[in-house]
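Visitor: Provided herewith is a single structure, encoded as structure tokens, for subsequent inquiry.
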Amino acid sequence: MSLIDVKIPIDETPIPIDVAVFLREADRRIDDYLQQGRTPGFVASDYPRVYQALRSLESANLMHGKLFCEWGSGFGAVACLATMLGYDAVGVEIESDLVEHSRKLADDFDIPARFVHGSYIPKGAEALADIRGTLAWLVAEKTGTNLGLDMDDFDLIFACPWPDERGVTERLFERYAGDHTLLMTHHIDGPIRVRRKRPAKGRR
């Protein structure tokens with residue numbers, strides 16, 4: 001993969017009170033949901049760490065704009081956190097019930113994040129994604145949601161991939177994201193990473 005790590009100093013200042021209140025409620029709703037065992041592919045991020053990373057990236061002034069997309073947005077907590085930091089955030093989620101939970105959580109806190117029911121895998125990208133049916137939520141259907149945006153329009157893409165999804169995430173980003181776009185990933189067994197595409201030869 002020709003992706004380059006972008007080093008940013010993580011601002012470990014305690015999260016604001018309003019963010020802490022939001023995350024307590026998000027955690028409560030997620031715990032209730034997971035106890036029902038309804039979506040085996042859903043995993044929650046370490047939201048305080050993600051918030052600190054998003055805050056640090058925003059302060060580092062490394063992005064061309066504030067357009068943010070969360071791939072597989074689950075309960076929408078990360079897209080909501082991004083919105084609270086001033087990003088123009090949208091979450092894309094294949095599970096319709098999670099989309100409804102996301103919208104309800106955002107509405108209850110008056111957070112104007114947007115959530116759409118669909119796949120972040122573009123049509124025609126099945127071979128690139130190497131989808132073999134082992135990960136039921138990695139499908140290339142319902143794409144072309146009402147966003148009116150393409151993957152290369154976004155300034156920052158966030159994903160929390162399972163280990164088996166990492167290659168898919170990187171291949172899709174490298175093929176479809178814009179040259180200016182940054183990829184932030186939170187690995188459930190590792191760190192938060194920020195990467196960008198390696199510039200083509202002759203370009204900087």
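We label chains A, B, ... in the order they appear in the structure tokens, count residues from 1 in each chain, and number ligands from 1 in the order shown.
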Please provide the set of residues having any atom within 8 Å of Ala77 of chain A, restricted to only C-alpha atoms, with same-chain residues fewer than 2 positions apart removed, written as a PyMOL selection string.
Guide: chain A and resi 23+26+47+73-75+79-81+102
Visitor: Mind the document's chain letters and residue numbers, and return as an NGL selection string the residues of segment 47-199 of chain A that DSSP labels helix (DSSP H, G or I).
Guide: :A and (47-60 or 77-84 or 96-108 or 126-129 or 151-153 or 163-176)
Visitor: Skipping near chain neighbours, those fewer than 4 positions away, what residues fall within 8 Å of Glu95 of chain A using only C-alpha atoms, listed as a list of chain:residue names?
Guide: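 Here the answer would be A:Gly74, A:Val99, A:His117, A:Gly118, A:Trp137.
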Visitor: Excluding His186 of chain A and its own-chain neighbours fewer than 4 positions away, which residues fall within 8 Å of it when counting only C-alpha atoms? Please give them as a PyMOL selection string.
Guide: chain A and resi 45+50+158-161+190-193
Visitor: Restricting the calculation to only C-alpha atoms: of A:Glu165, A:His64, A:Glu70, A:Lys104, which residue gets closest to Gly178 of chain A?
Guide: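 When distances to Gly178 of chain A are compared using only C-alpha atoms, the smallest one comes from A:His64.
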Visitor: To one decimal place in Å, what is the distance between atom CA of Arg195 of chain A and atom CA of Val6 of chain A?
Guide: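 Atom CA of Arg195 of chain A sits 5.2 Å away from atom CA of Val6 of chain A.
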